[in-house]
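Just upload38.cif here, mmCIF, C-alpha atoms:
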```
data_upload
loop_
_atom_site.label_atom_id
_atom_site.label_comp_id
_atom_site.auth_asym_id
_atom_site.auth_seq_id
_atom_site.Cartn_x
_atom_site.Cartn_y
_atom_site.Cartn_z
CA MET A 1 6.33 43.30 39.48
CA HIS A 2 3.91 44.24 36.73
CA LEU A 3 6.75 44.34 34.20
CA LYS A 4 7.95 40.87 35.25
CA ILE A 5 4.47 39.46 34.71
CA ILE A 6 4.30 40.97 31.23
CA ILE A 7 7.73 39.52 30.35
CA LEU A 8 6.68 36.11 31.68
CA ILE A 9 3.50 36.17 29.58
CA LEU A 10 5.40 37.14 26.42
CA LEU A 11 7.97 34.41 27.04
CA THR A 12 5.21 31.83 27.50
CA LEU A 13 3.49 32.89 24.27
CA THR A 14 6.80 32.78 22.37
CA LEU A 15 7.58 29.25 23.59
CA GLU A 16 4.05 28.17 22.79
CA ALA A 17 4.39 29.51 19.24
CA VAL A 18 7.70 27.69 18.80
CA PHE A 19 6.25 24.38 19.98
CA THR A 20 3.19 24.87 17.77
CA GLU A 21 5.38 25.45 14.73
CA GLU A 22 7.46 22.35 15.49
CA ASN A 23 4.33 20.29 16.02
CA HIS A 24 3.13 21.05 12.51
CA CYS A 25 6.45 21.00 10.71
CA SER A 26 8.47 18.39 8.88
CA LYS A 27 12.11 18.51 7.87
CA ALA A 28 10.97 18.15 4.29
CA PHE A 29 9.46 21.61 4.68
CA GLY A 30 12.63 23.20 6.01
CA CYS A 31 12.69 22.15 9.68
CA SER A 32 15.78 20.67 11.25
CA GLY A 33 16.49 18.27 14.06
CA ASN A 34 16.11 14.54 14.55
CA SER A 35 12.44 14.52 15.44
CA VAL A 36 9.26 16.53 15.11
CA MET A 37 6.58 16.50 17.78
CA GLY A 38 8.43 13.68 19.49
CA LYS A 39 8.35 11.61 16.30
CA VAL A 40 11.31 9.64 15.04
CA SER A 41 12.55 10.62 11.58
CA ARG A 42 12.34 7.73 9.12
CA TYR A 43 13.09 7.57 5.41
CA VAL A 44 11.92 5.72 2.32
CA LEU A 45 14.14 5.70 -0.75
CA TYR A 46 13.25 4.14 -4.09
CA ASP A 47 14.60 3.51 -7.54
CA VAL A 48 13.20 2.37 -10.88
CA ASN A 49 14.36 -0.20 -13.41
CA ILE A 50 17.28 1.08 -15.47
CA GLY A 51 15.44 0.57 -18.76
CA GLU A 52 12.51 2.84 -17.90
CA GLY A 53 12.47 6.34 -19.36
CA PHE A 54 12.14 9.83 -17.93
CA ASN A 55 8.39 10.30 -18.20
CA LEU A 56 7.50 6.87 -16.83
CA LYS A 57 9.81 7.56 -13.89
CA ARG A 58 7.79 10.70 -13.26
CA ASP A 59 4.73 8.47 -13.04
CA VAL A 60 6.43 6.14 -10.55
CA TYR A 61 7.32 9.18 -8.43
CA MET A 62 3.61 9.94 -8.15
CA ARG A 63 2.87 6.43 -6.90
CA MET A 64 5.51 6.76 -4.18
CA ALA A 65 4.60 10.36 -3.27
CA MET A 66 0.93 9.45 -2.89
CA PHE A 67 1.86 6.48 -0.69
CA ILE A 68 4.11 8.51 1.62
CA GLN A 69 1.64 11.39 1.76
CA ALA A 70 -1.12 9.08 3.01
CA PHE A 71 1.10 6.94 5.23
CA ALA A 72 2.84 9.88 6.93
CA GLN A 73 -0.48 11.37 7.99
CA LYS A 74 -1.39 8.37 10.14
CA SER A 75 2.06 7.18 11.21
CA LYS A 76 3.50 7.91 14.65
CA ASP A 77 6.85 8.57 12.96
CA ASP A 78 8.08 11.44 10.80
CA TRP A 79 8.43 9.93 7.31
CA HIS A 80 10.29 11.39 4.34
CA LEU A 81 10.45 10.24 0.73
CA VAL A 82 13.98 10.59 -0.65
CA LEU A 83 14.05 11.55 -4.33
CA PRO A 84 16.42 9.35 -6.36
CA PRO A 85 19.06 11.05 -8.51
CA TRP A 86 18.36 11.38 -12.21
CA THR A 87 21.01 9.24 -13.85
CA ARG A 88 21.56 8.94 -17.58
CA GLN A 89 18.41 7.82 -19.40
CA TRP A 90 18.56 5.52 -22.40
CA HIS A 91 17.26 8.28 -24.69
CA TRP A 92 19.79 10.87 -23.46
CA THR A 93 22.29 10.39 -26.25
CA THR A 94 24.73 13.21 -25.47
CA GLU A 95 24.85 13.04 -21.66
CA LYS A 96 27.89 11.55 -19.96
CA LEU A 97 27.48 8.05 -18.59
CA HIS A 98 27.95 8.86 -14.90
CA VAL A 99 25.74 11.93 -14.45
CA SER A 100 23.61 12.39 -11.33
CA TYR A 101 21.10 15.23 -11.43
CA GLN A 102 18.89 16.52 -8.64
CA TRP A 103 15.15 16.84 -8.97
CA SER A 104 15.53 20.62 -8.68
CA ASP A 105 17.29 20.52 -12.07
CA PHE A 106 13.91 19.65 -13.60
CA PHE A 107 11.15 20.29 -11.04
CA ASP A 108 10.13 22.82 -8.41
CA VAL A 109 10.89 20.76 -5.29
CA ALA A 110 9.22 23.32 -2.99
CA SER A 111 6.02 22.74 -4.97
CA LEU A 112 6.38 18.96 -4.60
CA GLN A 113 6.73 19.41 -0.84
CA LEU A 114 3.36 21.15 -0.65
CA TYR A 115 1.85 17.75 -1.39
CA SER A 116 4.20 15.14 0.09
CA PRO A 117 7.19 15.19 2.52
CA VAL A 118 9.94 14.70 -0.07
CA ILE A 119 13.61 15.60 0.17
CA GLU A 120 16.54 15.56 -2.23
CA LEU A 121 19.23 12.90 -1.88
CA ASP A 122 21.76 15.55 -0.79
CA GLN A 123 19.50 16.51 2.13
CA PHE A 124 19.26 12.83 3.04
CA TYR A 125 23.06 12.69 3.17
CA VAL A 126 23.05 15.62 5.61
CA ASP A 127 20.23 14.27 7.79
CA TRP A 128 21.14 10.59 7.80
CA GLY A 129 24.22 9.65 5.78
CA ASP A 130 24.48 7.20 2.91
CA LEU A 131 23.90 3.86 4.66
CA VAL A 132 20.40 2.40 4.20
CA ASP A 133 19.22 -0.14 6.77
CA GLU A 134 17.24 -2.40 4.44
CA VAL A 135 16.60 -2.66 0.70
CA TYR A 136 13.62 -4.51 -0.76
CA ILE A 137 13.86 -5.33 -4.47
CA LEU A 138 10.31 -5.69 -5.76
CA GLN A 139 9.46 -8.35 -8.31
CA HIS A 140 6.28 -9.93 -9.63
CA PHE A 141 5.02 -13.25 -8.32
CA PRO A 142 6.00 -16.22 -10.58
CA GLU A 143 2.40 -16.74 -11.71
CA PHE A 144 2.34 -13.18 -13.08
CA TYR A 145 5.24 -13.96 -15.42
CA ASP A 146 3.56 -17.20 -16.46
CA TRP A 147 0.33 -15.32 -17.17
CA THR A 148 1.96 -12.53 -19.21
CA GLU A 149 4.13 -14.97 -21.15
CA GLY A 150 1.11 -16.81 -22.50
CA GLY A 151 0.70 -19.49 -19.88
CA GLY A 152 -2.96 -18.63 -19.54
CA GLY A 153 -5.09 -19.59 -16.57
CA LYS A 154 -6.74 -17.47 -13.93
CA MET A 155 -4.87 -14.87 -11.91
CA ASP A 156 -5.42 -13.97 -8.27
CA TRP A 157 -5.12 -10.18 -8.33
CA SER A 158 -5.42 -9.66 -4.57
CA ASP A 159 -2.81 -7.54 -2.76
CA LYS A 160 -0.01 -9.72 -1.40
CA TRP A 161 3.70 -9.77 -0.70
CA LYS A 162 6.32 -12.15 0.65
CA LEU A 163 10.08 -12.38 0.96
CA ALA A 164 11.42 -14.50 -1.89
CA GLU A 165 14.49 -15.55 -3.80
CA CYS A 166 15.48 -13.09 -6.50
CA ARG A 167 13.95 -14.18 -9.81
CA ASP A 168 16.34 -12.03 -11.84
CA HIS A 169 19.95 -11.31 -10.94
CA PRO A 170 19.91 -7.94 -9.15
CA TYR A 171 22.08 -5.28 -10.69
CA TYR A 172 23.35 -3.78 -7.46
CA LYS A 173 27.06 -3.86 -6.72
CA LYS A 174 28.67 -5.27 -3.57
CA GLU A 175 31.64 -3.37 -2.19
CA ASN A 176 33.42 -3.53 1.19
CA GLY A 177 30.66 -5.57 2.79
CA THR A 178 27.79 -3.30 1.69
CA PHE A 179 25.61 -3.08 -1.41
CA LEU A 180 25.71 -0.01 -3.66
CA PHE A 181 22.58 1.43 -5.27
CA PHE A 182 21.98 4.22 -7.83
CA ARG A 183 24.17 4.70 -10.84
CA GLY A 184 26.15 7.82 -11.65
CA LYS A 185 28.18 9.94 -9.26
CA LYS A 186 25.85 9.52 -6.26
CA HIS A 187 24.97 6.35 -4.44
CA VAL A 188 23.71 4.87 -1.21
CA ARG A 189 25.02 1.82 0.59
CA ALA A 190 22.83 -0.87 2.11
CA LYS A 191 23.39 -3.26 4.99
CA GLN A 192 20.80 -5.81 3.90
CA VAL A 193 19.15 -6.63 0.57
CA GLN A 194 16.13 -8.87 0.09
CA CYS A 195 13.86 -9.58 -2.87
CA VAL A 196 10.11 -9.28 -2.33
CA SER A 197 7.41 -10.76 -4.53
CA PHE A 198 4.85 -7.97 -4.58
CA GLN A 199 1.40 -7.47 -6.04
CA GLY A 200 -0.64 -4.39 -5.31
CA SER A 201 -0.69 -0.62 -5.40
CA SER A 202 1.89 1.62 -3.76
CA ALA A 203 -0.49 1.96 -0.79
CA TYR A 204 0.16 -1.71 -0.01
CA LEU A 205 3.86 -0.91 0.52
CA GLU A 206 2.64 0.05 3.98
CA ALA A 207 2.45 -3.67 4.74
CA VAL A 208 6.16 -4.03 4.00
CA VAL A 209 7.14 -0.86 5.86
CA SER A 210 5.08 -1.86 8.90
CA SER A 211 6.88 -5.20 9.08
CA THR A 212 10.22 -3.58 9.96
CA LYS A 213 11.54 -1.26 12.64
CA ALA A 214 14.31 -0.01 10.36
CA ARG A 215 14.45 3.78 10.21
CA CYS A 216 15.70 3.89 6.64
CA ILE A 217 14.49 1.51 3.94
CA MET A 218 14.57 1.47 0.16
CA PHE A 219 12.36 -0.04 -2.52
CA ASP A 220 14.12 -0.93 -5.75
CA ARG A 221 12.11 -1.65 -8.91
CA ALA A 222 9.36 0.56 -7.46
CA GLU A 223 7.53 0.51 -10.80
CA ILE A 224 6.22 -2.95 -9.77
CA ALA A 225 3.81 -1.17 -7.37
CA THR A 226 0.84 0.24 -9.26
CA HIS A 227 -1.11 3.46 -8.69
CA MET A 228 -3.25 3.74 -5.56
CA MET A 229 -5.99 5.28 -7.70
CA TYR A 230 -5.32 6.49 -11.22
CA GLY A 231 -7.09 9.66 -12.29
CA ASP A 232 -8.97 10.60 -9.11
CA ALA A 233 -8.82 14.00 -7.39
CA ASN A 234 -5.89 12.98 -5.18
CA TYR A 235 -3.96 11.77 -8.22
CA TRP A 236 -4.47 15.18 -9.79
CA LYS A 237 -3.41 16.97 -6.60
CA CYS A 238 -0.11 15.15 -6.77
CA ARG A 239 0.17 15.79 -10.51
CA ARG A 240 -0.57 19.51 -10.13
CA SER A 241 2.18 19.78 -7.52
CA MET A 242 4.73 18.62 -10.13
CA ARG A 243 5.55 22.03 -11.49
CA PHE A 244 8.67 22.40 -13.56
CA ALA A 245 11.83 24.19 -12.42
CA LYS A 246 11.65 27.94 -12.90
CA HIS A 247 14.66 28.16 -15.25
CA LEU A 248 12.98 25.69 -17.63
CA VAL A 249 9.66 27.52 -17.52
CA ASP A 250 11.45 30.81 -18.18
CA ALA A 251 13.29 29.31 -21.17
CA ALA A 252 10.06 27.90 -22.62
CA ASN A 253 8.19 31.18 -22.10
CA ALA A 254 10.98 33.18 -23.75
CA PHE A 255 10.91 30.83 -26.75
CA ARG A 256 7.11 31.09 -27.01
CA ALA A 257 7.25 34.88 -26.93
CA SER A 258 10.05 35.25 -29.49
CA HIS A 259 9.16 32.46 -31.95
CA LEU A 260 5.43 31.81 -31.54
CA ASN A 261 3.87 35.12 -30.48
CA SER A 262 2.60 33.39 -27.35
CA THR A 263 2.37 34.65 -23.77
CA ASP A 264 0.35 33.40 -20.81
CA LEU A 265 -1.61 36.64 -20.53
CA GLN A 266 -2.87 36.70 -24.11
CA ASP A 267 -3.25 32.90 -24.29
CA GLY A 268 -5.37 32.58 -21.15
CA THR A 269 -2.86 30.28 -19.44
CA VAL A 270 -1.89 32.35 -16.39
CA ARG A 271 -1.56 30.09 -13.33
CA PRO A 272 -1.60 31.00 -9.63
CA LEU A 273 1.80 30.85 -7.92
CA ASP A 274 0.57 28.04 -5.67
CA TRP A 275 -0.98 24.99 -7.38
CA ARG A 276 -3.36 24.62 -4.42
CA ASP A 277 -5.09 27.82 -5.57
CA GLU A 278 -5.95 26.39 -9.00
CA VAL A 279 -9.64 26.03 -9.82
CA PRO A 280 -11.37 23.99 -12.56
CA HIS A 281 -11.97 25.80 -15.84
CA ARG A 282 -11.92 25.26 -19.60
CA SER A 283 -11.10 28.79 -20.69
CA ALA A 284 -7.49 28.42 -21.90
CA LYS A 285 -7.07 29.60 -25.48
CA GLY A 286 -3.43 28.78 -26.20
CA GLY A 287 -0.89 30.36 -28.53
CA PRO A 288 -1.51 30.86 -32.26
CA TYR A 289 0.20 27.63 -33.29
CA LEU A 290 -0.38 23.90 -33.54
CA GLY A 291 1.63 21.74 -31.12
CA VAL A 292 2.59 18.20 -32.12
CA HIS A 293 4.63 15.38 -30.65
CA LEU A 294 6.06 13.08 -33.29
CA ARG A 295 7.84 10.13 -31.74
CA ARG A 296 9.98 8.20 -34.18
CA LYS A 297 13.13 6.31 -33.13
CA ASP A 298 12.03 3.24 -31.14
CA PHE A 299 8.37 3.49 -32.15
CA ILE A 300 9.23 2.96 -35.83
CA TYR A 301 10.38 -0.54 -34.86
CA GLY A 302 8.25 -1.18 -31.79
CA ARG A 303 4.94 0.12 -33.24
CA PRO A 304 5.44 0.30 -37.02
CA LYS A 305 1.69 0.09 -37.72
CA GLU A 306 0.96 3.12 -35.50
CA VAL A 307 3.63 5.58 -36.65
CA PRO A 308 3.01 7.58 -39.85
CA SER A 309 5.71 8.22 -42.39
CA ILE A 310 7.23 11.69 -42.67
CA VAL A 311 5.07 12.37 -45.74
CA ASP A 312 1.89 11.20 -44.01
CA SER A 313 2.82 13.20 -40.91
CA ALA A 314 3.14 16.33 -43.04
CA VAL A 315 -0.25 15.67 -44.66
CA GLN A 316 -1.93 15.42 -41.26
CA ILE A 317 -0.19 18.50 -39.88
CA LYS A 318 -1.29 20.55 -42.90
CA MET A 319 -4.85 19.28 -42.46
CA TYR A 320 -4.94 20.45 -38.84
CA LEU A 321 -3.35 23.81 -39.69
CA LYS A 322 -5.90 24.48 -42.44
CA ASN A 323 -8.85 23.52 -40.23
CA LEU A 324 -7.58 25.71 -37.39
CA LYS A 325 -6.67 28.58 -39.72
CA LEU A 326 -3.11 28.58 -38.37
CA SER A 327 0.17 28.83 -40.23
CA THR A 328 2.72 27.63 -37.66
CA VAL A 329 3.38 24.25 -36.05
CA PHE A 330 5.68 23.58 -33.10
CA VAL A 331 7.26 20.13 -33.37
CA ALA A 332 8.49 18.14 -30.36
CA THR A 333 10.24 15.06 -31.71
CA ASP A 334 13.11 12.62 -31.39
CA MET A 335 13.49 12.25 -35.16
CA PRO A 336 16.96 12.75 -36.70
CA THR A 337 17.81 16.18 -38.12
CA GLU A 338 17.52 15.00 -41.72
CA GLU A 339 13.98 13.72 -41.12
CA TYR A 340 12.93 17.00 -39.52
CA GLU A 341 14.39 18.97 -42.41
CA SER A 342 12.36 16.80 -44.82
CA LEU A 343 9.20 17.48 -42.80
CA GLN A 344 10.00 21.19 -42.72
CA LYS A 345 10.37 21.34 -46.50
CA LEU A 346 7.09 19.51 -47.06
CA LEU A 347 5.29 22.05 -44.89
CA GLU A 348 7.05 25.11 -46.32
CA LYS A 349 6.09 23.96 -49.80
CA ASP A 350 2.47 24.82 -48.95
CA GLY A 351 3.30 28.01 -47.06
CA PHE A 352 3.38 26.63 -43.51
CA ARG A 353 6.08 27.30 -40.93
CA SER A 354 7.63 24.61 -38.71
CA VAL A 355 9.38 25.56 -35.44
CA LYS A 356 11.54 23.38 -33.21
CA PHE A 357 13.37 24.21 -29.96
CA VAL A 358 17.10 23.71 -30.40
CA MET A 359 19.36 23.98 -27.38
CA LYS A 360 22.44 26.12 -27.82
CA ASP A 361 25.80 24.68 -26.76
CA GLU A 362 26.12 27.18 -23.91
CA ASP A 363 22.71 26.11 -22.56
CA LYS A 364 23.36 22.36 -22.44
CA ASN A 365 24.96 22.39 -18.99
CA ARG A 366 22.09 24.42 -17.60
CA TYR A 367 19.11 22.73 -19.22
CA LYS A 368 20.49 19.22 -19.92
CA GLU A 369 18.71 16.75 -22.19
CA GLY A 370 15.98 16.19 -19.65
CA GLY A 371 15.42 19.94 -19.52
CA LEU A 372 15.17 20.09 -23.32
CA ALA A 373 12.39 17.48 -23.22
CA ILE A 374 10.56 19.48 -20.54
CA ILE A 375 10.86 22.71 -22.53
CA ASP A 376 9.35 20.85 -25.50
CA GLN A 377 6.48 19.70 -23.29
CA ILE A 378 5.83 23.19 -21.92
CA VAL A 379 5.74 24.78 -25.37
CA ALA A 380 3.56 22.01 -26.84
CA SER A 381 1.18 22.18 -23.88
CA HIS A 382 0.50 25.89 -24.52
CA ALA A 383 -0.49 25.43 -28.17
CA ARG A 384 -3.96 26.27 -29.50
CA PHE A 385 -4.36 22.59 -30.42
CA PHE A 386 -2.28 19.50 -29.67
CA VAL A 387 -1.71 16.24 -31.59
CA GLY A 388 0.31 13.48 -29.93
CA THR A 389 1.80 10.08 -30.66
CA HIS A 390 -0.32 7.03 -29.82
CA GLU A 391 0.63 5.38 -26.49
CA SER A 392 3.63 7.61 -25.78
CA THR A 393 3.99 8.79 -22.18
CA PHE A 394 5.64 11.94 -23.51
CA SER A 395 2.31 12.80 -25.14
CA PHE A 396 0.43 11.70 -22.00
CA ARG A 397 2.36 14.22 -19.90
CA ILE A 398 1.55 17.03 -22.36
CA GLN A 399 -2.12 16.08 -22.24
CA GLU A 400 -1.99 16.27 -18.43
CA GLU A 401 -0.37 19.70 -18.54
CA ARG A 402 -3.12 20.94 -20.84
CA GLU A 403 -5.78 19.57 -18.50
CA ILE A 404 -4.19 21.50 -15.64
CA LEU A 405 -3.96 24.64 -17.77
CA GLY A 406 -7.69 24.41 -18.53
CA PHE A 407 -7.91 23.69 -22.26
CA PRO A 408 -11.08 22.30 -23.82
CA ALA A 409 -10.62 18.51 -24.00
CA ASP A 410 -11.19 18.29 -27.76
CA THR A 411 -8.10 20.47 -28.34
CA THR A 412 -5.93 18.07 -26.33
CA PHE A 413 -6.78 14.41 -26.88
CA ASN A 414 -5.77 13.97 -30.52
CA ARG A 415 -3.24 11.65 -32.15
CA PHE A 416 -1.37 11.05 -35.38
CA CYS A 417 -2.94 8.24 -37.38
CA PRO A 418 -0.86 5.67 -39.28
CA THR A 419 -2.27 7.08 -42.53
CA PRO A 420 -4.19 10.29 -43.32
CA ASP A 421 -7.39 8.37 -44.13
CA ASN A 422 -7.82 7.66 -40.39
CA LYS A 423 -8.54 3.97 -40.90
CA ASN A 424 -7.89 1.80 -37.82
CA CYS A 425 -7.08 4.92 -35.81
CA THR A 426 -8.39 4.62 -32.25
CA PRO A 427 -8.67 8.05 -30.58
CA PRO A 428 -6.77 8.53 -27.29
CA THR A 429 -8.61 8.03 -24.03
CA LYS A 430 -9.62 11.28 -22.33
CA TRP A 431 -8.08 11.33 -18.88
CA LEU A 432 -9.87 14.42 -17.59
CA ILE A 433 -8.78 16.37 -14.54
CA GLU A 434 -10.67 16.12 -11.26
CA TYR A 435 -10.65 18.52 -8.33
CA PRO A 436 -11.42 17.62 -4.71
CA ASP A 437 -14.16 20.24 -4.35
CA GLY A 438 -16.48 18.56 -6.83
CA GLY A 439 -15.53 20.72 -9.81
CA ASN A 440 -14.69 17.68 -11.87
CA PHE A 441 -14.57 16.85 -15.57
CA LYS A 442 -15.36 13.17 -15.74
CA SER A 443 -14.92 10.70 -18.58
CA VAL A 444 -15.78 7.05 -19.23
CA ASN A 445 -14.14 3.97 -20.76
CA PHE A 446 -10.76 4.66 -19.17
CA LYS A 447 -7.74 2.83 -20.46
CA HIS A 448 -4.09 3.42 -19.57
CA PHE A 449 -0.91 2.21 -21.18
CA GLU A 450 2.27 1.83 -19.11
CA THR A 451 4.63 2.42 -21.99
CA ASP A 452 8.09 3.91 -22.18
CA GLU A 453 8.57 7.38 -23.59
CA LEU A 454 10.71 9.85 -25.50
#
```

Would you give me this structure, written as structure tokens?
Amino acid sequence: MHLKIIILILLTLTLEAVFTEENHCSKAFGCSGNSVMGKVSRYVLYDVNIGEGFNLKRDVYMRMAMFIQAFAQKSKDDWHLVLPPWTRQWHWTTEKLHVSYQWSDFFDVASLQLYSPVIELDQFYVDWGDLVDEVYILQHFPEFYDWTEGGGGKMDWSDKWKLAECRDHPYYKKENGTFLFFRGKKHVRAKQVQCVSFQGSSAYLEAVVSSTKARCIMFDRAEIATHMMYGDANYWKCRRSMRFAKHLVDAANAFRASHLNSTDLQDGTVRPLDWRDEVPHRSAKGGPYLGVHLRRKDFIYGRPKEVPSIVDSAVQIKMYLKNLKLSTVFVATDMPTEEYESLQKLLEKDGFRSVKFVMKDEDKNRYKEGGLAIIDQIVASHARFFVGTHESTFSFRIQEEREILGFPADTTFNRFCPTPDNKNCTPPTKWLIEYPDGGNFKSVNFKHFETDEL
């Protein structure tokens, strides 16, 4: 009898532990089944305008992840944010047209899931299928277009949304009675598609979600929704969770060690394995090299008064190297090979060394063009001193990485001027990191530019 009682107690404790685990678990974190804690599994998918680039799409992810993270905490249902496939970007010149990459090709998805309940599209296929109940294509209200196109007048900036006729012809494709979304090899089908005039932050998407009982909805043109709060501690929690995929970090670290005499241990850039264990500091030293981002291609035509010539770029790089008592510069750039070779010669003429990461043919399938850009960002973010391109989101992302790594702000927020004399050269705004425990580094006069990127 005594033995039966012991067995009964152990069985009760085991069942209790199982129920407790299920009650605090989400499928995004590795659980399975159709519901958690009696909740119904529901999904939000999203996509971004085709013309937007890689680094701006990273920013839109943050808006959606912050929305789902907050909404899921108070909802009676079990919500998941489905990560859209990475299709060919306009600046990926060598990628095939119909590629579809997972987020794990570029980011540590397990790290993302420590902040928000996100899942890859392939997991969505397994859990749900490929048929979305409802798609909402976001668009601005007509008065917004009138205002931005020079119509003038006052704008009502209050949060609002309503179902509306599509202002622009949607680019989705209709096939066999359903609508296809996402380009490339992977897609989802939709039963219903409706345009929504929307004004507000991603948090206000809750109003749209709450208006439907559909278990699976999608927001297209999600970039229309703005940030819930740009630059606060929660923003930085989400941003810190966006760690890069291990194979890209390993490639960048190997390049730093072999070409730049740089390692995390000697540079003071060692990070805890879990981003939640990071603490505020300004003690990062960085590798013995200058890191620069020189954006050329579209900026030469789109911002000709902000982009220095190759000669003027070399003059500024040499000035920074001399002041820092360094001899090596790492260059992240989209400039053609012949331009880089010209820059390299101008620097070598005065005894300076220029280094650039070049992907080998055998590495292209593994790293991809998006991975090459990330490797550039990692290496540039670990430099002793960084100089970026004015209003480029590629430079913004490097500045954010350096804030997370703990560099002194004056080594991070620097830009190339149109000419070496620094006339009409507005310094970049210092978006300083904040932590939820009060260990914050605050700044003033914030300004943010939603521009496209390398």

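Selection result for the displayed file, with the PyMOL selection byres ((chain A and resi 215-220) around 9) as criterion, is A:Val40, A:Ser41, A:Arg42, A:Tyr43, A:Val44, A:Leu45, A:Tyr46, A:Asp47, A:Val48, A:Asn49, A:Trp128, A:Leu131, A:Val132, A:Asp133, A:Glu134, A:Val135, A:Tyr136, A:Ile137, A:Leu138, A:Phe181, A:Ala190, A:Val209, A:Thr212, A:Lys213, A:Ala214, A:Arg221, A:Ala222, A:Glu223.
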
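Considering the residues A:Met228, A:Met359, A:Ala284, A:Cys417 and counting only C-alpha atoms, A:Gln316 has its shortest atom-to-atom contact with A:Cys417.
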
Using all atoms listed in the file, which residue out of A:Pro117, A:Pro428, A:Pro85, A:Gly51 lies closest to A:Ala70? A:Pro117

Please write the residues picked by the PyMOL selection byres ((chain A and resi 273) around 12) on this file as a PyMOL selection string. chain A and resi 108+110-111+240-241+243+246+270-272+274-278

Shell around A:Tyr101 at 12 Å using all atoms listed in the file, local window under 6 positions removed, as a ChimeraX atom specification: /A:83-89,95,107,120-122,182-187,365-371

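Atom CA of A:Val387 to atom CA of A:Trp236 spans 22.0 Å [interatomic distance, one decimal].
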
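Applied to the file shown here, the PyMOL selection byres ((chain A and resi 379) around 8) selects the residues Ala252, Asn253, Arg256, Gly291, Phe330, Ile375, Asp376, Gln377, Ile378, Ala380, Ser381, His382 and Ala383 of chain A.
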
Selected residues, C-alpha atoms, written as a PDB file, in the frame of the given file, please.
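Written output follows (part.pdb):
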```pdb
ATOM      1  CA  ALA A 252      10.060  27.900 -22.620  1.00  0.00           C
ATOM      2  CA  ASN A 253       8.190  31.180 -22.100  1.00  0.00           C
ATOM      3  CA  ARG A 256       7.110  31.090 -27.010  1.00  0.00           C
ATOM      4  CA  GLY A 291       1.630  21.740 -31.120  1.00  0.00           C
ATOM      5  CA  PHE A 330       5.680  23.580 -33.100  1.00  0.00           C
ATOM      6  CA  ILE A 375      10.860  22.710 -22.530  1.00  0.00           C
ATOM      7  CA  ASP A 376       9.350  20.850 -25.500  1.00  0.00           C
ATOM      8  CA  GLN A 377       6.480  19.700 -23.290  1.00  0.00           C
ATOM      9  CA  ILE A 378       5.830  23.190 -21.920  1.00  0.00           C
ATOM     10  CA  ALA A 380       3.560  22.010 -26.840  1.00  0.00           C
ATOM     11  CA  SER A 381       1.180  22.180 -23.880  1.00  0.00           C
ATOM     12  CA  HIS A 382       0.500  25.890 -24.520  1.00  0.00           C
ATOM     13  CA  ALA A 383      -0.490  25.430 -28.170  1.00  0.00           C
TER      14      ALA A 383
END
```

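Picture a line from atom CA of A:Leu326 to atom CA of A:His259; it runs 14.4 Å.
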
Can you find the residues with an atom no farther than 12 Å from (0.7, -16.0, -7.5), counting all atoms listed in the file, and report them as a ChimeraX atom specification? /A:139-147,153-162,197-200

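Taking all atoms listed in the file into account, A:Arg415 lies nearest to A:Thr429 out of the set A:Thr429, A:Ser75, A:Gln69, A:Ser258.
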
Excluding same-chain residues fewer than 2 positions from A:Asp59, what lies within 12 Å of it counting all atoms listed in the file, as a ChimeraX atom specification? /A:48,52-57,61-66,202,222-228,230-231,235-236,238-239,242,393-394,396-397,400,449-453

Would you list the contacts of A:Asn176 as number ranges by chain, taking every protein, DNA or RNA residue within 12 Å and counting all atoms listed in the file, but skipping same-chain residues closer than 3 positions in sequence? A: 173, 179-180, 189-191

Non-local contacts of A:Gly268 (10 Å; only C-alpha atoms; under 5 positions in same chain excluded) as an MDAnalysis selection string: chainID A and resid 263 282:287 382 405:407

In Å, with one decimal, what is the gap from atom CA of A:Val358 to atom CA of A:Ser395? 19.1 Å

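When all atoms listed in the file are used to measure the gap to A:Tyr115, the shortest distance among A:Met229, A:His281, A:Pro288, A:Asn234 belongs to A:Asn234.
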
Write out as CSV the residues of stretch 383-430 of chain A that have any atom within 12 Å of an atom of stretch 297-303 of chain A, one row each with the nearest atom pair and its distance in Å to one decimal, counting only C-alpha atoms, sorted by chain and then rising number.
```
residue,atom,partner,partner_atom,distance
A:Thr389,CA,A:Phe299,CA,9.4
A:His390,CA,A:Arg303,CA,9.3
A:Glu391,CA,A:Arg303,CA,9.6
A:Ser392,CA,A:Phe299,CA,8.9
A:Pro418,CA,A:Arg303,CA,10.0
```

Output requested as a PDB file, keeping the file's coordinate frame - stretch 123-127 of chain A, filled out with N, CA and C atoms.
```
ATOM      1  N   GLN A 123      20.018  16.228   0.792  1.00  0.00           N
ATOM      2  CA  GLN A 123      19.500  16.510   2.130  1.00  0.00           C
ATOM      3  C   GLN A 123      19.488  15.240   2.977  1.00  0.00           C
ATOM      4  N   PHE A 124      19.218  14.119   2.340  1.00  0.00           N
ATOM      5  CA  PHE A 124      19.260  12.830   3.040  1.00  0.00           C
ATOM      6  C   PHE A 124      20.668  12.554   3.550  1.00  0.00           C
ATOM      7  N   TYR A 125      21.673  12.858   2.729  1.00  0.00           N
ATOM      8  CA  TYR A 125      23.060  12.690   3.170  1.00  0.00           C
ATOM      9  C   TYR A 125      23.314  13.497   4.443  1.00  0.00           C
ATOM     10  N   VAL A 126      22.834  14.739   4.457  1.00  0.00           N
ATOM     11  CA  VAL A 126      23.050  15.620   5.610  1.00  0.00           C
ATOM     12  C   VAL A 126      22.321  15.090   6.841  1.00  0.00           C
ATOM     13  N   ASP A 127      21.063  14.683   6.658  1.00  0.00           N
ATOM     14  CA  ASP A 127      20.230  14.270   7.790  1.00  0.00           C
ATOM     15  C   ASP A 127      20.591  12.879   8.314  1.00  0.00           C
TER      16      ASP A 127
END
```
